[in-house]
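Structure data follow from structure24.pdb (PDB, C-alpha atoms and all ligand atoms):
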ATOM      1  CA  MET O 231      -5.719 -18.589  -9.340  1.00  0.00           C
ATOM      2  CA  SER O 232      -6.200 -21.024  -6.464  1.00  0.00           C
ATOM      3  CA  GLY O 233      -6.771 -20.341  -2.793  1.00  0.00           C
ATOM      4  CA  GLY O 234      -3.341 -18.834  -2.256  1.00  0.00           C
ATOM      5  CA  LEU O 235      -2.208 -15.313  -1.627  1.00  0.00           C
ATOM      6  CA  ARG O 236      -0.381 -13.319  -4.276  1.00  0.00           C
ATOM      7  CA  PHE O 237       1.192  -9.904  -3.780  1.00  0.00           C
ATOM      8  CA  THR O 238       2.567  -7.867  -6.678  1.00  0.00           C
ATOM      9  CA  VAL O 239       4.631  -4.703  -6.418  1.00  0.00           C
ATOM     10  CA  LEU O 240       3.188  -2.125  -8.818  1.00  0.00           C
ATOM     11  CA  GLY O 241       5.206   0.801  -7.533  1.00  0.00           C
ATOM     12  CA  SER O 242       8.298   0.699  -5.326  1.00  0.00           C
ATOM     13  CA  GLY O 243       9.264   4.342  -5.741  1.00  0.00           C
ATOM     14  CA  THR O 244       8.355   7.670  -4.220  1.00  0.00           C
ATOM     15  CA  ALA O 245       6.913  11.059  -5.109  1.00  0.00           C
ATOM     16  CA  LYS O 246      10.090  11.748  -7.138  1.00  0.00           C
ATOM     17  CA  PRO O 247       9.767  10.521 -10.739  1.00  0.00           C
ATOM     18  CA  ASP O 248      11.959   7.504 -11.541  1.00  0.00           C
ATOM     19  CA  PRO O 249      12.229   5.717 -14.897  1.00  0.00           C
ATOM     20  CA  ALA O 250      12.041   2.263 -13.287  1.00  0.00           C
ATOM     21  CA  ARG O 251       9.810   2.803 -10.249  1.00  0.00           C
ATOM     22  CA  GLY O 252       6.327   4.191  -9.939  1.00  0.00           C
ATOM     23  CA  PRO O 253       5.024   5.744  -6.753  1.00  0.00           C
ATOM     24  CA  THR O 254       3.509   3.393  -4.199  1.00  0.00           C
ATOM     25  CA  GLY O 255       1.052   0.726  -5.305  1.00  0.00           C
ATOM     26  CA  PHE O 256       0.519  -2.999  -4.776  1.00  0.00           C
ATOM     27  CA  LEU O 257      -1.884  -5.674  -5.961  1.00  0.00           C
ATOM     28  CA  LEU O 258      -3.179  -8.330  -3.567  1.00  0.00           C
ATOM     29  CA  GLN O 259      -4.928 -11.367  -5.024  1.00  0.00           C
ATOM     30  CA  ALA O 260      -6.736 -14.195  -3.239  1.00  0.00           C
ATOM     31  CA  HIS O 261      -9.502 -16.600  -4.268  1.00  0.00           C
ATOM     32  CA  GLY O 262      -9.892 -14.850  -7.605  1.00  0.00           C
ATOM     33  CA  ALA O 263     -10.315 -11.405  -6.058  1.00  0.00           C
ATOM     34  CA  SER O 264      -7.995  -8.506  -6.905  1.00  0.00           C
ATOM     35  CA  VAL O 265      -7.486  -5.728  -4.358  1.00  0.00           C
ATOM     36  CA  LEU O 266      -5.495  -2.578  -5.033  1.00  0.00           C
ATOM     37  CA  ILE O 267      -3.351  -1.326  -2.155  1.00  0.00           C
ATOM     38  CA  ASP O 268      -2.575   2.387  -2.509  1.00  0.00           C
ATOM     39  CA  GLY O 269      -2.031   3.648  -6.040  1.00  0.00           C
ATOM     40  CA  GLY O 270       0.046   6.669  -6.951  1.00  0.00           C
ATOM     41  CA  SER O 271       0.191   7.997 -10.507  1.00  0.00           C
ATOM     42  CA  GLY O 272       0.660   5.368 -13.191  1.00  0.00           C
ATOM     43  CA  THR O 273      -0.783   2.530 -11.129  1.00  0.00           C
ATOM     44  CA  LEU O 274      -3.607   1.813 -13.573  1.00  0.00           C
ATOM     45  CA  HIS O 275      -1.116   1.379 -16.391  1.00  0.00           C
ATOM     46  CA  ARG O 276       1.035  -0.950 -14.298  1.00  0.00           C
ATOM     47  CA  LEU O 277      -2.045  -2.976 -13.331  1.00  0.00           C
ATOM     48  CA  ALA O 278      -2.780  -3.429 -17.031  1.00  0.00           C
ATOM     49  CA  ARG O 279       0.785  -4.641 -17.542  1.00  0.00           C
ATOM     50  CA  VAL O 280       0.217  -7.479 -15.068  1.00  0.00           C
ATOM     51  CA  GLY O 281      -3.068  -8.356 -16.742  1.00  0.00           C
ATOM     52  CA  VAL O 282      -5.527  -6.743 -14.341  1.00  0.00           C
ATOM     53  CA  ASP O 283      -8.211  -4.381 -15.634  1.00  0.00           C
ATOM     54  CA  ALA O 284      -8.467  -1.626 -13.022  1.00  0.00           C
ATOM     55  CA  VAL O 285     -12.173  -1.209 -13.788  1.00  0.00           C
ATOM     56  CA  GLU O 286     -12.720  -4.785 -12.594  1.00  0.00           C
ATOM     57  CA  LEU O 287     -10.855  -4.482  -9.281  1.00  0.00           C
ATOM     58  CA  ASP O 288     -12.773  -5.932  -6.340  1.00  0.00           C
ATOM     59  CA  ALA O 289     -11.707  -3.336  -3.764  1.00  0.00           C
ATOM     60  CA  GLY O 290      -9.153  -0.678  -2.895  1.00  0.00           C
ATOM     61  CA  VAL O 291      -7.259  -0.145   0.353  1.00  0.00           C
ATOM     62  CA  TYR O 292      -5.393   3.084   1.117  1.00  0.00           C
ATOM     63  CA  SER O 293      -2.655   3.441   3.723  1.00  0.00           C
ATOM     64  CA  HIS O 294      -3.087   7.229   3.578  1.00  0.00           C
ATOM     65  CA  ARG O 295      -4.009  10.125   1.342  1.00  0.00           C
ATOM     66  CA  HIS O 296      -0.634  11.504   0.244  1.00  0.00           C
ATOM     67  CA  VAL O 297      -0.501  11.913  -3.519  1.00  0.00           C
ATOM     68  CA  ASP O 298       2.272   9.354  -4.075  1.00  0.00           C
ATOM     69  CA  HIS O 299      -0.130   6.755  -2.585  1.00  0.00           C
ATOM     70  CA  SER O 300      -3.504   7.923  -3.894  1.00  0.00           C
ATOM     71  CA  GLY O 301      -2.831   9.890  -7.086  1.00  0.00           C
ATOM     72  CA  ASP O 302      -4.559   7.395  -9.368  1.00  0.00           C
ATOM     73  CA  PHE O 303      -7.790   7.360  -7.346  1.00  0.00           C
ATOM     74  CA  VAL O 304      -9.408   9.974  -9.598  1.00  0.00           C
ATOM     75  CA  PRO O 305      -8.256   8.308 -12.859  1.00  0.00           C
ATOM     76  CA  LEU O 306      -9.518   4.981 -11.481  1.00  0.00           C
ATOM     77  CA  LEU O 307     -13.002   6.311 -10.740  1.00  0.00           C
ATOM     78  CA  PHE O 308     -13.061   8.113 -14.096  1.00  0.00           C
ATOM     79  CA  ALA O 309     -12.160   4.858 -15.864  1.00  0.00           C
ATOM     80  CA  MET O 310     -15.166   3.265 -14.120  1.00  0.00           C
ATOM     81  CA  CYS O 311     -17.409   6.046 -15.502  1.00  0.00           C
ATOM     82  CA  VAL O 312     -16.305   5.757 -19.118  1.00  0.00           C
ATOM     83  CA  PRO O 313     -18.603   3.397 -21.085  1.00  0.00           C
ATOM     84  CA  PRO O 314     -18.994   0.548 -20.564  1.00  0.00           C
ATOM     85  CA  LYS O 315     -19.481   1.829 -17.028  1.00  0.00           C
ATOM     86  CA  ARG O 316     -18.859  -0.214 -13.930  1.00  0.00           C
ATOM     87  CA  THR O 317     -22.237  -1.006 -12.400  1.00  0.00           C
ATOM     88  CA  ARG O 318     -21.217  -2.925  -9.277  1.00  0.00           C
ATOM     89  CA  PRO O 319     -19.974  -1.099  -6.171  1.00  0.00           C
ATOM     90  CA  TYR O 320     -16.264  -0.404  -5.765  1.00  0.00           C
ATOM     91  CA  PRO O 321     -15.559  -0.820  -2.029  1.00  0.00           C
ATOM     92  CA  VAL O 322     -12.770   1.268  -0.527  1.00  0.00           C
ATOM     93  CA  PHE O 323     -11.102   0.819   2.859  1.00  0.00           C
ATOM     94  CA  ALA O 324      -9.113   3.678   4.383  1.00  0.00           C
ATOM     95  CA  GLY O 325      -8.441   5.681   7.504  1.00  0.00           C
ATOM     96  CA  GLU O 326     -10.694   8.358   8.929  1.00  0.00           C
ATOM     97  CA  GLY O 327     -10.668  11.457   6.765  1.00  0.00           C
ATOM     98  CA  PHE O 328     -10.783   9.581   3.476  1.00  0.00           C
ATOM     99  CA  ASP O 329     -14.540  10.246   3.267  1.00  0.00           C
ATOM    100  CA  ALA O 330     -13.970  14.018   3.326  1.00  0.00           C
ATOM    101  CA  PHE O 331     -11.123  13.612   0.825  1.00  0.00           C
ATOM    102  CA  HIS O 332     -13.399  11.640  -1.504  1.00  0.00           C
ATOM    103  CA  LEU O 333     -16.236  14.135  -1.105  1.00  0.00           C
ATOM    104  CA  GLY O 334     -13.866  16.983  -1.937  1.00  0.00           C
ATOM    105  CA  LEU O 335     -12.785  15.221  -5.115  1.00  0.00           C
ATOM    106  CA  ARG O 336     -16.435  14.700  -6.043  1.00  0.00           C
ATOM    107  CA  GLU O 337     -17.025  18.424  -5.579  1.00  0.00           C
ATOM    108  CA  VAL O 338     -14.266  19.093  -8.105  1.00  0.00           C
ATOM    109  CA  TYR O 339     -14.943  16.342 -10.636  1.00  0.00           C
ATOM    110  CA  GLY O 340     -18.690  15.764 -10.225  1.00  0.00           C
ATOM    111  CA  LYS O 341     -20.240  13.016 -12.330  1.00  0.00           C
ATOM    112  CA  TRP O 342     -16.955  12.200 -13.998  1.00  0.00           C
ATOM    113  CA  ILE O 343     -15.895  10.211 -10.935  1.00  0.00           C
ATOM    114  CA  ARG O 344     -19.284   8.865  -9.789  1.00  0.00           C
ATOM    115  CA  PRO O 345     -19.522   5.303 -11.132  1.00  0.00           C
ATOM    116  CA  PRO O 346     -23.115   4.027 -11.149  1.00  0.00           C
ATOM    117  CA  GLY O 347     -22.419   1.268  -8.620  1.00  0.00           C
ATOM    118  CA  GLY O 348     -21.121   3.713  -6.034  1.00  0.00           C
ATOM    119  CA  VAL O 349     -17.944   3.750  -3.971  1.00  0.00           C
ATOM    120  CA  PRO O 350     -18.847   2.494  -0.471  1.00  0.00           C
ATOM    121  CA  LEU O 351     -16.192   3.448   2.077  1.00  0.00           C
ATOM    122  CA  THR O 352     -15.244   1.479   5.159  1.00  0.00           C
ATOM    123  CA  THR O 353     -13.480   3.865   7.510  1.00  0.00           C
ATOM    124  CA  LEU O 354     -10.731   2.527   9.756  1.00  0.00           C
ATOM    125  CA  PRO O 355      -9.822   4.257  13.041  1.00  0.00           C
ATOM    126  CA  LEU O 356      -6.774   6.494  13.446  1.00  0.00           C
ATOM    127  CA  ASP O 357      -6.668   6.048  17.227  1.00  0.00           C
ATOM    128  CA  GLY O 358      -6.633   2.265  17.592  1.00  0.00           C
ATOM    129  CA  PRO O 359      -6.907  -1.086  15.861  1.00  0.00           C
ATOM    130  CA  GLY O 360      -9.089  -1.529  12.801  1.00  0.00           C
ATOM    131  CA  LEU O 361     -10.503  -4.696  11.276  1.00  0.00           C
ATOM    132  CA  ALA O 362     -12.256  -5.414   7.980  1.00  0.00           C
ATOM    133  CA  LEU O 363     -12.968  -8.357   5.705  1.00  0.00           C
ATOM    134  CA  LEU O 364     -11.795  -7.876   2.126  1.00  0.00           C
ATOM    135  CA  PRO O 365     -12.955  -9.653  -1.047  1.00  0.00           C
ATOM    136  CA  GLY O 366     -11.194 -12.998  -1.449  1.00  0.00           C
ATOM    137  CA  GLY O 367     -11.610 -13.783   2.241  1.00  0.00           C
ATOM    138  CA  VAL O 368      -8.615 -11.687   3.284  1.00  0.00           C
ATOM    139  CA  THR O 369      -8.713 -10.132   6.740  1.00  0.00           C
ATOM    140  CA  LEU O 370      -7.372  -6.590   6.978  1.00  0.00           C
ATOM    141  CA  ARG O 371      -5.993  -5.456  10.328  1.00  0.00           C
ATOM    142  CA  THR O 372      -4.760  -1.907  10.805  1.00  0.00           C
ATOM    143  CA  LEU O 373      -3.011   0.192  13.403  1.00  0.00           C
ATOM    144  CA  PRO O 374      -2.260   3.909  13.224  1.00  0.00           C
ATOM    145  CA  ALA O 375       1.099   4.835  11.673  1.00  0.00           C
ATOM    146  CA  ASN O 376       3.466   7.568  12.840  1.00  0.00           C
ATOM    147  CA  HIS O 377       2.868   9.860   9.854  1.00  0.00           C
ATOM    148  CA  SER O 378       0.195  12.301   8.658  1.00  0.00           C
ATOM    149  CA  ALA O 379      -2.695  12.283   6.178  1.00  0.00           C
ATOM    150  CA  GLY O 380      -4.620   9.618   8.098  1.00  0.00           C
ATOM    151  CA  ALA O 381      -1.876   7.013   7.823  1.00  0.00           C
ATOM    152  CA  LEU O 382      -2.262   3.367   8.766  1.00  0.00           C
ATOM    153  CA  HIS O 383      -0.129   0.235   8.880  1.00  0.00           C
ATOM    154  CA  LEU O 384      -1.849  -2.583   6.963  1.00  0.00           C
ATOM    155  CA  ARG O 385      -1.784  -6.312   7.723  1.00  0.00           C
ATOM    156  CA  PHE O 386      -3.402  -8.731   5.256  1.00  0.00           C
ATOM    157  CA  GLU O 387      -4.148 -12.215   6.557  1.00  0.00           C
ATOM    158  CA  LEU O 388      -5.341 -15.330   4.771  1.00  0.00           C
ATOM    159  CA  GLY O 389      -5.315 -18.546   6.807  1.00  0.00           C
ATOM    160  CA  PRO O 390      -1.885 -18.841   8.444  1.00  0.00           C
ATOM    161  CA  HIS O 391      -0.292 -16.274   6.125  1.00  0.00           C
ATOM    162  CA  ALA O 392       0.211 -12.565   6.665  1.00  0.00           C
ATOM    163  CA  ILE O 393       1.671  -9.719   4.613  1.00  0.00           C
ATOM    164  CA  VAL O 394       2.266  -6.386   6.333  1.00  0.00           C
ATOM    165  CA  PHE O 395       2.769  -3.025   4.631  1.00  0.00           C
ATOM    166  CA  SER O 396       4.223  -0.259   6.770  1.00  0.00           C
ATOM    167  CA  GLY O 397       2.622   2.539   4.769  1.00  0.00           C
ATOM    168  CA  ASP O 398       4.554   5.735   5.397  1.00  0.00           C
ATOM    169  CA  THR O 399       5.700   6.042   8.986  1.00  0.00           C
ATOM    170  CA  GLY O 400       8.287   7.171  11.436  1.00  0.00           C
ATOM    171  CA  PRO O 401       9.439   4.711  14.096  1.00  0.00           C
ATOM    172  CA  SER O 402       6.314   2.939  15.316  1.00  0.00           C
ATOM    173  CA  ASP O 403       5.607   0.416  18.073  1.00  0.00           C
ATOM    174  CA  ASN O 404       2.346  -0.240  16.252  1.00  0.00           C
ATOM    175  CA  LEU O 405       4.289  -1.467  13.235  1.00  0.00           C
ATOM    176  CA  VAL O 406       6.346  -3.796  15.429  1.00  0.00           C
ATOM    177  CA  GLU O 407       3.103  -5.190  16.832  1.00  0.00           C
ATOM    178  CA  LEU O 408       1.428  -5.613  13.464  1.00  0.00           C
ATOM    179  CA  ALA O 409       4.488  -7.070  11.694  1.00  0.00           C
ATOM    180  CA  ALA O 410       5.224  -9.639  14.401  1.00  0.00           C
ATOM    181  CA  GLY O 411       5.680 -13.035  12.786  1.00  0.00           C
ATOM    182  CA  ALA O 412       4.410 -11.918   9.359  1.00  0.00           C
ATOM    183  CA  ASP O 413       5.479 -13.926   6.292  1.00  0.00           C
ATOM    184  CA  LEU O 414       6.450 -10.716   4.527  1.00  0.00           C
ATOM    185  CA  LEU O 415       6.990  -7.162   5.747  1.00  0.00           C
ATOM    186  CA  VAL O 416       7.009  -4.540   3.016  1.00  0.00           C
ATOM    187  CA  CYS O 417       8.607  -1.590   4.717  1.00  0.00           C
ATOM    188  CA  GLU O 418       9.308   1.968   3.695  1.00  0.00           C
ATOM    189  CA  CYS O 419      12.848   3.274   4.114  1.00  0.00           C
ATOM    190  CA  ALA O 420      12.517   6.805   2.793  1.00  0.00           C
ATOM    191  CA  GLY O 421      15.525   8.366   4.490  1.00  0.00           C
ATOM    192  CA  SER O 422      19.135   7.518   5.280  1.00  0.00           C
ATOM    193  CA  ASP O 423      20.687   7.445   8.729  1.00  0.00           C
ATOM    194  CA  ALA O 424      22.676  10.576   7.849  1.00  0.00           C
ATOM    195  CA  GLU O 425      19.732  12.335   6.208  1.00  0.00           C
ATOM    196  CA  PRO O 426      16.492  11.164   7.784  1.00  0.00           C
ATOM    197  CA  ILE O 427      13.139  12.488   6.567  1.00  0.00           C
ATOM    198  CA  GLY O 428      10.565  13.468   9.162  1.00  0.00           C
ATOM    199  CA  GLY O 429       7.661  11.041   9.439  1.00  0.00           C
ATOM    200  CA  HIS O 430       9.629   8.301   7.696  1.00  0.00           C
ATOM    201  CA  LEU O 431      12.011   5.469   8.561  1.00  0.00           C
ATOM    202  CA  THR O 432      15.782   5.182   8.285  1.00  0.00           C
ATOM    203  CA  PRO O 433      17.751   1.954   7.753  1.00  0.00           C
ATOM    204  CA  SER O 434      18.677   1.799  11.446  1.00  0.00           C
ATOM    205  CA  ALA O 435      15.075   2.337  12.490  1.00  0.00           C
ATOM    206  CA  VAL O 436      13.911  -0.420  10.132  1.00  0.00           C
ATOM    207  CA  ARG O 437      16.633  -2.734  11.475  1.00  0.00           C
ATOM    208  CA  ASP O 438      15.471  -2.119  15.030  1.00  0.00           C
ATOM    209  CA  LEU O 439      11.812  -2.790  14.353  1.00  0.00           C
ATOM    210  CA  VAL O 440      12.600  -5.865  12.241  1.00  0.00           C
ATOM    211  CA  ALA O 441      14.784  -7.243  15.040  1.00  0.00           C
ATOM    212  CA  GLU O 442      11.831  -6.922  17.375  1.00  0.00           C
ATOM    213  CA  ALA O 443       8.997  -8.041  15.081  1.00  0.00           C
ATOM    214  CA  GLN O 444      10.905 -10.909  13.418  1.00  0.00           C
ATOM    215  CA  PRO O 445       8.961 -11.218  10.165  1.00  0.00           C
ATOM    216  CA  GLU O 446      10.065 -14.073   7.895  1.00  0.00           C
ATOM    217  CA  GLU O 447      11.244 -11.713   5.163  1.00  0.00           C
ATOM    218  CA  VAL O 448      11.565  -7.976   4.513  1.00  0.00           C
ATOM    219  CA  TRP O 449      11.179  -6.047   1.268  1.00  0.00           C
ATOM    220  CA  LEU O 450      12.320  -2.434   1.436  1.00  0.00           C
ATOM    221  CA  THR O 451      10.604   0.232  -0.605  1.00  0.00           C
ATOM    222  CA  HIS O 452      10.056   3.995  -0.922  1.00  0.00           C
ATOM    223  CA  PHE O 453      13.771   4.975  -0.953  1.00  0.00           C
ATOM    224  CA  TYR O 454      14.281   8.652  -1.745  1.00  0.00           C
ATOM    225  CA  PRO O 455      17.108   9.354  -4.230  1.00  0.00           C
ATOM    226  CA  HIS O 456      19.707  10.364  -1.631  1.00  0.00           C
ATOM    227  CA  VAL O 457      19.625   6.980   0.135  1.00  0.00           C
ATOM    228  CA  ASP O 458      22.483   4.501  -0.496  1.00  0.00           C
ATOM    229  CA  VAL O 459      20.280   1.471  -1.057  1.00  0.00           C
ATOM    230  CA  HIS O 460      23.063  -1.105  -0.796  1.00  0.00           C
ATOM    231  CA  ALA O 461      24.166   0.282   2.573  1.00  0.00           C
ATOM    232  CA  ALA O 462      20.540   0.437   3.730  1.00  0.00           C
ATOM    233  CA  VAL O 463      19.921  -3.218   2.879  1.00  0.00           C
ATOM    234  CA  GLU O 464      23.106  -4.219   4.727  1.00  0.00           C
ATOM    235  CA  ARG O 465      22.050  -2.200   7.768  1.00  0.00           C
ATOM    236  CA  VAL O 466      18.585  -3.767   7.921  1.00  0.00           C
ATOM    237  CA  ALA O 467      20.104  -7.236   7.424  1.00  0.00           C
ATOM    238  CA  GLU O 468      21.846  -6.807  10.783  1.00  0.00           C
ATOM    239  CA  ALA O 469      18.465  -7.785  12.255  1.00  0.00           C
ATOM    240  CA  GLY O 470      19.115 -11.343  11.032  1.00  0.00           C
ATOM    241  CA  VAL O 471      16.104 -11.521   8.698  1.00  0.00           C
ATOM    242  CA  PRO O 472      16.329 -11.933   4.890  1.00  0.00           C
ATOM    243  CA  VAL O 473      15.978  -8.484   3.335  1.00  0.00           C
ATOM    244  CA  ARG O 474      16.106  -6.995  -0.130  1.00  0.00           C
ATOM    245  CA  ARG O 475      14.902  -4.022  -2.095  1.00  0.00           C
ATOM    246  CA  ALA O 476      11.513  -4.419  -3.755  1.00  0.00           C
ATOM    247  CA  ALA O 477      11.260  -3.704  -7.480  1.00  0.00           C
ATOM    248  CA  ASP O 478       8.242  -2.929  -9.637  1.00  0.00           C
ATOM    249  CA  GLY O 479       6.832  -6.219 -10.912  1.00  0.00           C
ATOM    250  CA  ASP O 480       8.086  -8.324  -8.004  1.00  0.00           C
ATOM    251  CA  VAL O 481       5.660 -11.041  -6.949  1.00  0.00           C
ATOM    252  CA  TRP O 482       5.375 -12.807  -3.602  1.00  0.00           C
ATOM    253  CA  ALA O 483       3.042 -15.773  -3.567  1.00  0.00           C
ATOM    254  CA  VAL O 484       2.080 -18.620  -1.292  1.00  0.00           C
ATOM    255  CA  GLY O 485      -0.386 -21.495  -1.538  1.00  0.00           C
TER     256      GLY O 485
HETATM  257 ZN    ZN O 501       3.042   9.916   3.141  1.00  0.00          ZN
HETATM  258 ZN    ZN O 502       4.871   8.123   0.541  1.00  0.00          ZN
END
Could you write out this file's structure as structure tokens?
Amino acid sequence: MSGGLRFTVLGSGTAKPDPARGPTGFLLQAHGASVLIDGGSGTLHRLARVGVDAVELDAGVYSHRHVDHSGDFVPLLFAMCVPPKRTRPYPVFAGEGFDAFHLGLREVYGKWIRPPGGVPLTTLPLDGPGLALLPGGVTLRTLPANHSAGALHLRFELGPHAIVFSGDTGPSDNLVELAAGADLLVCECAGSDAEPIGGHLTPSAVRDLVAEAQPEEVWLTHFYPHVDVHAAVERVAEAGVPVRRAADGDVWAVG
């Protein structure tokens, strides 16, 4: 592909199994580089469906360690260890604590998840802004999310363009700050106004932060089964920004 930015939804669902939606995962592509963002179970299969060999990914970025966002990390590393093995490093970017998480997995799985090129980790702070340069020339900016498991909000920038992923979060001024003026905000909406889920957003909370941050467009994701999605989309649309529910396979591209 050319010098543009391409964002593919691999998983728009949650921890609850759904026939049409995998748990959280996205693919970001720029300047020929492919970067995995999160990756719950089934992500490797869905990458293959969009023509990307997971073993050849250029990097991985994790919003946090919950299983619905990181469940395919072990299968990914194992795939890199099965001949023909991956010999170049697989760089990973994640919040503090991911190193201990990774080490723990290595204790359990040993050589099965130790690809020869190594898995260098860039750790991003949980108490302030983080910054890293990703393959493809994409700048990653992070701020701590209002969640657990070392959670971050992620902003991906290439030239004048920016895509922001909320990760999992409760109401968060940091998300308002990071999403300000973004081309696309991909935002979780796990709970309903009547039945909120702790550490997550509701439609009214998303509406309020969107009204403040004014991204160009909002894609909602991570709805738990009890949420009335149609009502949630209408509620968020009160912010005056185009909004819709993300679906697995959706692509956003520019340039
Ligand atoms: Zn979570
Ligand atoms: Zn989640």
Show which residues sit within 7 Å of Ser396 in chain O, as a ChimeraX atom specification. Count all atoms listed in the file, and ignore same-chain residues fewer than 4 positions away. /O:383-384,405,416-418
Could the residues in this selection be saved with C-alpha atoms as a compact mmCIF listing (two decimals), in the frame of the given file?
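What follows is the written file out24.txt:
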# COMPACT_ATOMS: atom_id res chain seq x y z
CA HIS O 383 -0.13 0.24 8.88
CA LEU O 384 -1.85 -2.58 6.96
CA LEU O 405 4.29 -1.47 13.24
CA VAL O 416 7.01 -4.54 3.02
CA CYS O 417 8.61 -1.59 4.72
CA GLU O 418 9.31 1.97 3.70
Please, what distance in Å, to one decimal, runs between CA of Val285 in chain O and CA of Pro355 in chain O?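 Computing the Euclidean distance for CA of Val285 in chain O and CA of Pro355 in chain O yields 27.5 Å.
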7 Å shell around ligand ZN 502 (chain O) using all atoms listed in the file, listed as a ChimeraX atom specification: /O:244-245,254,296,298-299,398,452
Please, could you write that set of residues out with C-alpha atoms as a PDB file, in the coordinates of the input?
ATOM      1  CA  THR O 244       8.355   7.670  -4.220  1.00  0.00           C
ATOM      2  CA  ALA O 245       6.913  11.059  -5.109  1.00  0.00           C
ATOM      3  CA  THR O 254       3.509   3.393  -4.199  1.00  0.00           C
ATOM      4  CA  HIS O 296      -0.634  11.504   0.244  1.00  0.00           C
ATOM      5  CA  ASP O 298       2.272   9.354  -4.075  1.00  0.00           C
ATOM      6  CA  HIS O 299      -0.130   6.755  -2.585  1.00  0.00           C
ATOM      7  CA  ASP O 398       4.554   5.735   5.397  1.00  0.00           C
ATOM      8  CA  HIS O 452      10.056   3.995  -0.922  1.00  0.00           C
TER       9      HIS O 452
END
Expected selection as a PyMOL selection string for ligand ZN 501 (chain O) within 8 Å, all atoms listed in the file: chain O and resi 294-299+377-379+381+397-399+429
Looking at only C-alpha atoms, which of O:Leu235, O:Ala324, O:Ala462, O:Ile427 is the one that sits closest to Leu382 in chain O?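 For Leu382 in chain O, the nearest of the given residues is O:Ala324.
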Using all atoms of range 442-446 of chain O listed in the file and a margin of 6 Å per side, can you give the axis-aligned box centre and edge lengths in Å to one decimal, as AutoDock Vina command-line options?
--center_x 10.4 --center_y -10.5 --center_z 12.6 --size_x 14.9 --size_y 19.2 --size_z 21.5
Exactly which residues make up the result of the PyMOL selection byres (((chain O and resi 301) around 9) and not hetatm) on this file, given as a list in words? Pro253, Asp268, Gly269, Gly270, Ser271, Gly272, Thr273, Arg295, His296, Val297, Asp298, His299, Ser300, Asp302, Phe303, Val304 and Pro305 of chain O
Apply the PyMOL selection byres (((chain O and resi 325) around 12) and not hetatm) to the file shown and report the selected residues as a VMD selection string. chain O and resid 291 to 295 322 to 324 326 to 332 351 to 362 371 to 375 378 to 384 397
Nearest candidate to Val481 in chain O (options O:Ala250, O:Val349, O:Ala443, O:Leu258; using all atoms listed in the file): O:Leu258
Selected residue of minimal separation from Val459 in chain O among O:Pro445, O:Gly348, O:Gly421, O:Pro426, counting only C-alpha atoms: O:Gly421
To test your reading of the syntax: which residues would the PyMOL selection byres (((chain O and resi 367) around 8) and not hetatm) return for the file shown? Reply as a list in words.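 That expression, the PyMOL selection byres (((chain O and resi 367) around 8) and not hetatm), corresponds here to Ala260, His261, Leu363, Leu364, Pro365, Gly366, Val368, Thr369 and Leu388 of chain O.
Of the listed residues (O:Asn376, O:Thr317, O:Thr451, O:Ser264), O:Thr451 comes nearest to Arg475 in chain O; the distances count all atoms listed in the file.
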Residues within 8 Å of Arg474 in chain O, all atoms listed in the file, excluding chain neighbours under 6 positions, as a ChimeraX atom specification: /O:448-450,463
Check the smallest atom-to-atom distance from each of O:Asp413, O:Glu387, O:Asp283, O:Asp458 to Val471 in chain O using only C-alpha atoms, then report the winner.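 Of O:Asp413, O:Glu387, O:Asp283, O:Asp458, the one nearest Val471 in chain O is O:Asp413, counting only C-alpha atoms.
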Expected residue set, 12 Å radius at (4.2, -5.2, -13.0), all atoms listed in the file, as a PyMOL selection string: chain O and resi 237-242+250-252+255-257+272-282+476-481
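Minimum atom-to-atom distances from O:Arg437, O:Lys341, O:His391, O:Lys246 to Gly411 in chain O were compared using all atoms listed in the file, and the lowest value belongs to O:His391.
The space between CA of Pro313 in chain O and CA of Gly262 in chain O spans 24.3 Å.
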One-decimal distance in Å that lies between CA of Ile343 in chain O and CA of Phe308 in chain O: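 These two atoms are separated by 4.7 Å.
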So which residues touch Glu442 in chain O within 10 Å, counting all atoms listed in the file, skipping near sequence neighbours fewer than 6 positions away, as a list of chain:residue names? O:Asp403, O:Val406, O:Glu407, O:Ala409, O:Ala410, O:Gly411, O:Val436, O:Ala469
May I have the residues from that selection written out with C-alpha atoms, as a PDB file, keeping the file's coordinate frame?
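File produced: out_35.pdb:
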ATOM      1  CA  ASP O 403       5.607   0.416  18.073  1.00  0.00           C
ATOM      2  CA  VAL O 406       6.346  -3.796  15.429  1.00  0.00           C
ATOM      3  CA  GLU O 407       3.103  -5.190  16.832  1.00  0.00           C
ATOM      4  CA  ALA O 409       4.488  -7.070  11.694  1.00  0.00           C
ATOM      5  CA  ALA O 410       5.224  -9.639  14.401  1.00  0.00           C
ATOM      6  CA  GLY O 411       5.680 -13.035  12.786  1.00  0.00           C
ATOM      7  CA  VAL O 436      13.911  -0.420  10.132  1.00  0.00           C
ATOM      8  CA  ALA O 469      18.465  -7.785  12.255  1.00  0.00           C
TER       9      ALA O 469
END
